[in-house]
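Enquirer: Here's a structure for you.
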Amino acid sequence: MTLYSSVRIPGVTDLPPSARGMRIGLFGGSFNPIHAGHLLVMEETLRRLELDAMWVLVTPGNPLKNHDELRPLAERVRAAREAIANPRIHVTGFEAQKGFRYTWQTVRFLAQALPDRKFVWIMGADSLADFHRWERWQDIAATLPIAAYARPGASHRALASRTALALAHGQIDQEDASILARLPAPAWVYLHGRQSSLSSTAIRARKPQVNEN
């Protein structure tokens, strides 16, 4: 399979079920591999935004990252499902079926295909800091609300970022996070809270211990 080519993998690339009026968080990433830091963001945003569900969108490959160590999509989807115990969190690799390369494509498709759902884009503070590098980031922000969750060492950079400054008029207080899904875009919230220093890059960099005995 070539990255970004359209491919259907039954049970992997299907969209999760949903119903009219549901408030659904969209949490995208490579998840290569998934770790406790991801799970923390999922659980905290699910609770604090008072979402009905969260869709974990396992991407075929982040265009801003090197893909040399990227595990197969089906393997990453399966690992994420095994790691997640919350029945309201669903994992899908549907972007591969559509051949989507960029988040703006995903967001536009979901907003048009399911206009009676209330979607919120979820990301870590480190992603907010670099959001202006994403393809058509203004279109994403204009399509659906955004929630950014604190990451160790990233808060200052995120809140002083080009995106935060450009969208300052749409920021709401974290105490009002529960209404975010009902607000018209552009609207966003920065959530402080429990944090994890784990990262997929660091996990991949770990070398197995050599037993010399």
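Just so we're on the same page: first chain in the structure tokens is A, next is B, and so on; residues restart at 1 for each chain, and ligands are numbered from 1 in the order they show up.
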If you run DSSP on the backbone here, which positions in segment 52-163 of chain A get helix (DSSP H, G or I)? Please write them as a VMD selection string.
Expert: chain A and resid 73 to 83 94 to 98 103 to 113 125 to 129 131 to 133 137 to 143 155 to 159 162 to 163
Enquirer: May I have the residues from that selection written out with N, CA and C atoms, as a compact mmCIF listing (two decimals), in the first residue's frame?
Expert:
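Wrote it out as again-v1.txt, contents follow:
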```
# COMPACT_ATOMS: atom_id res chain seq x y z
N LEU A 73 -0.81 0.50 9.02
CA LEU A 73 -2.02 1.11 9.55
C LEU A 73 -2.85 0.13 10.38
N ALA A 74 -3.12 -1.05 9.84
CA ALA A 74 -3.95 -2.03 10.55
C ALA A 74 -3.33 -2.40 11.89
N GLU A 75 -2.01 -2.46 11.95
CA GLU A 75 -1.32 -2.81 13.20
C GLU A 75 -1.49 -1.70 14.23
N ARG A 76 -1.41 -0.45 13.79
CA ARG A 76 -1.56 0.68 14.72
C ARG A 76 -3.00 0.82 15.20
N VAL A 77 -3.95 0.57 14.31
CA VAL A 77 -5.37 0.61 14.70
C VAL A 77 -5.65 -0.49 15.73
N ARG A 78 -5.16 -1.67 15.47
CA ARG A 78 -5.39 -2.80 16.38
C ARG A 78 -4.76 -2.52 17.75
N ALA A 79 -3.55 -1.99 17.77
CA ALA A 79 -2.87 -1.69 19.04
C ALA A 79 -3.63 -0.63 19.83
N ALA A 80 -4.16 0.37 19.13
CA ALA A 80 -4.91 1.42 19.81
C ALA A 80 -6.19 0.87 20.42
N ARG A 81 -6.88 0.01 19.69
CA ARG A 81 -8.11 -0.58 20.21
C ARG A 81 -7.83 -1.45 21.43
N GLU A 82 -6.72 -2.14 21.42
CA GLU A 82 -6.37 -2.98 22.57
C GLU A 82 -6.02 -2.15 23.79
N ALA A 83 -5.49 -0.93 23.57
CA ALA A 83 -5.07 -0.08 24.68
C ALA A 83 -6.19 0.72 25.30
N PHE A 94 -10.13 5.46 8.85
CA PHE A 94 -10.97 5.74 7.67
C PHE A 94 -10.31 6.69 6.68
N GLU A 95 -9.35 7.51 7.13
CA GLU A 95 -8.69 8.44 6.21
C GLU A 95 -7.99 7.70 5.07
N ALA A 96 -7.53 6.48 5.37
CA ALA A 96 -6.86 5.69 4.33
C ALA A 96 -7.85 5.28 3.23
N GLN A 97 -9.07 4.97 3.63
CA GLN A 97 -10.09 4.58 2.65
C GLN A 97 -10.41 5.73 1.70
N LYS A 98 -10.36 6.96 2.22
CA LYS A 98 -10.64 8.13 1.41
C LYS A 98 -9.41 8.65 0.68
N THR A 103 -5.44 17.00 7.21
CA THR A 103 -6.55 17.11 8.15
C THR A 103 -7.70 17.93 7.58
N TRP A 104 -7.41 18.95 6.81
CA TRP A 104 -8.50 19.76 6.27
C TRP A 104 -9.44 18.92 5.40
N GLN A 105 -8.88 17.91 4.74
CA GLN A 105 -9.72 17.03 3.92
C GLN A 105 -10.66 16.22 4.82
N THR A 106 -10.12 15.71 5.90
CA THR A 106 -10.91 14.92 6.85
C THR A 106 -12.02 15.76 7.46
N VAL A 107 -11.66 16.94 7.92
CA VAL A 107 -12.62 17.83 8.57
C VAL A 107 -13.72 18.25 7.60
N ARG A 108 -13.34 18.60 6.38
CA ARG A 108 -14.34 19.01 5.39
C ARG A 108 -15.30 17.87 5.07
N PHE A 109 -14.75 16.67 4.90
CA PHE A 109 -15.59 15.52 4.58
C PHE A 109 -16.60 15.24 5.68
N LEU A 110 -16.14 15.19 6.92
CA LEU A 110 -17.04 14.87 8.03
C LEU A 110 -18.10 15.94 8.23
N ALA A 111 -17.71 17.21 8.09
CA ALA A 111 -18.67 18.30 8.26
C ALA A 111 -19.75 18.26 7.19
N GLN A 112 -19.37 17.84 5.98
CA GLN A 112 -20.34 17.78 4.88
C GLN A 112 -21.16 16.49 4.91
N ALA A 113 -20.50 15.37 5.24
CA ALA A 113 -21.19 14.08 5.23
C ALA A 113 -22.11 13.90 6.43
N ALA A 125 -1.01 20.44 23.06
CA ALA A 125 -0.47 21.80 22.98
C ALA A 125 0.70 21.88 22.02
N ASP A 126 1.49 20.81 21.91
CA ASP A 126 2.61 20.82 20.98
C ASP A 126 2.13 20.95 19.54
N SER A 127 0.98 20.35 19.23
CA SER A 127 0.40 20.48 17.89
C SER A 127 -0.15 21.88 17.66
N LEU A 128 -0.74 22.47 18.69
CA LEU A 128 -1.25 23.84 18.57
C LEU A 128 -0.11 24.80 18.24
N ALA A 129 1.04 24.57 18.86
CA ALA A 129 2.19 25.45 18.63
C ALA A 129 2.64 25.42 17.17
N PHE A 131 0.52 24.45 14.60
CA PHE A 131 -0.69 24.31 13.79
C PHE A 131 -0.63 25.15 12.51
N HIS A 132 0.07 26.28 12.58
CA HIS A 132 0.15 27.15 11.40
C HIS A 132 0.94 26.50 10.26
N ARG A 133 1.63 25.40 10.55
CA ARG A 133 2.35 24.69 9.50
C ARG A 133 1.47 23.67 8.80
N TRP A 137 -4.67 25.40 7.55
CA TRP A 137 -5.05 25.38 8.96
C TRP A 137 -6.19 26.35 9.26
N GLN A 138 -6.24 27.46 8.50
CA GLN A 138 -7.33 28.42 8.72
C GLN A 138 -8.68 27.79 8.38
N ASP A 139 -8.69 26.94 7.36
CA ASP A 139 -9.94 26.28 6.97
C ASP A 139 -10.41 25.31 8.05
N ILE A 140 -9.45 24.61 8.66
CA ILE A 140 -9.79 23.69 9.75
C ILE A 140 -10.44 24.47 10.90
N ALA A 141 -9.79 25.57 11.29
CA ALA A 141 -10.29 26.37 12.41
C ALA A 141 -11.63 27.01 12.10
N ALA A 142 -11.91 27.25 10.83
CA ALA A 142 -13.18 27.86 10.44
C ALA A 142 -14.30 26.83 10.29
N THR A 143 -13.94 25.56 10.33
CA THR A 143 -14.93 24.50 10.09
C THR A 143 -15.50 23.92 11.37
N SER A 155 3.17 24.71 26.87
CA SER A 155 2.11 25.69 27.11
C SER A 155 2.47 27.08 26.63
N HIS A 156 3.65 27.57 26.98
CA HIS A 156 4.01 28.93 26.59
C HIS A 156 4.10 29.05 25.08
N ARG A 157 4.74 28.09 24.44
CA ARG A 157 4.89 28.13 22.98
C ARG A 157 3.54 28.05 22.29
N ALA A 158 2.64 27.23 22.84
CA ALA A 158 1.32 27.07 22.23
C ALA A 158 0.48 28.34 22.35
N LEU A 159 0.46 28.92 23.55
CA LEU A 159 -0.38 30.08 23.78
C LEU A 159 0.17 31.36 23.15
N ARG A 162 1.37 31.48 16.52
CA ARG A 162 0.68 32.23 15.47
C ARG A 162 -0.81 31.90 15.45
N THR A 163 -1.14 30.62 15.67
CA THR A 163 -2.54 30.20 15.68
C THR A 163 -3.31 30.81 16.84
```
Enquirer: Which residues are near Asp176 of chain A? Cut-off 12 Å, only C-alpha atoms, ignore same chain within fewer than 5 positions. Put them as a count of residues only.
Expert: 13
Enquirer: Let's see if you can do this: from backbone DSSP, list all strand (DSSP E) residues in segment 3-213 of chain A, as a PyMOL selection string.
Expert: chain A and resi 23-29+53-58+89-92+118-124+146-149+171-172+188-191
Enquirer: From the options A:Ser30, A:Ser178, A:Asn86, A:Gln195, which residue's atoms come nearest to Val120 of chain A, counting only C-alpha atoms?
Expert: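 Of A:Ser30, A:Ser178, A:Asn86, A:Gln195, the one nearest Val120 of chain A is A:Ser178, counting only C-alpha atoms.
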Enquirer: Write out as a ChimeraX atom specification each polymer residue whose atoms come within 9 Å of segment 14-21 of chain A, counting only C-alpha atoms; drop sequence neighbours fewer than 6 positions from it.
Expert: /A:8,53,55,90-94,97,114-118
Enquirer: Report, in Å to a single decimal, how far apart atom CA of Met54 of chain A and atom CA of Arg23 of chain A are.
Expert: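 Between these atoms lies a distance of 8.4 Å.
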Enquirer: Kindly give the distance, in Å, that separates atom CA of Glu69 of chain A and atom CA of His38 of chain A, rounded to a single decimal.
Expert: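 If I compute the distance from atom CA of Glu69 of chain A to atom CA of His38 of chain A, I get 18.9 Å.
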Enquirer: Which residue is closest to Asn32 of chain A? Choose from A:Gly193, A:Pro184, A:Gly11, A:Pro60 and count only C-alpha atoms.
Expert: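 Once distances to Asn32 of chain A are computed over only C-alpha atoms, the minimum belongs to A:Pro60.
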Enquirer: Please, what distance in Å, to one decimal, runs between atom CA of Ala85 of chain A and atom CA of Leu180 of chain A?
Expert: 25.0 Å
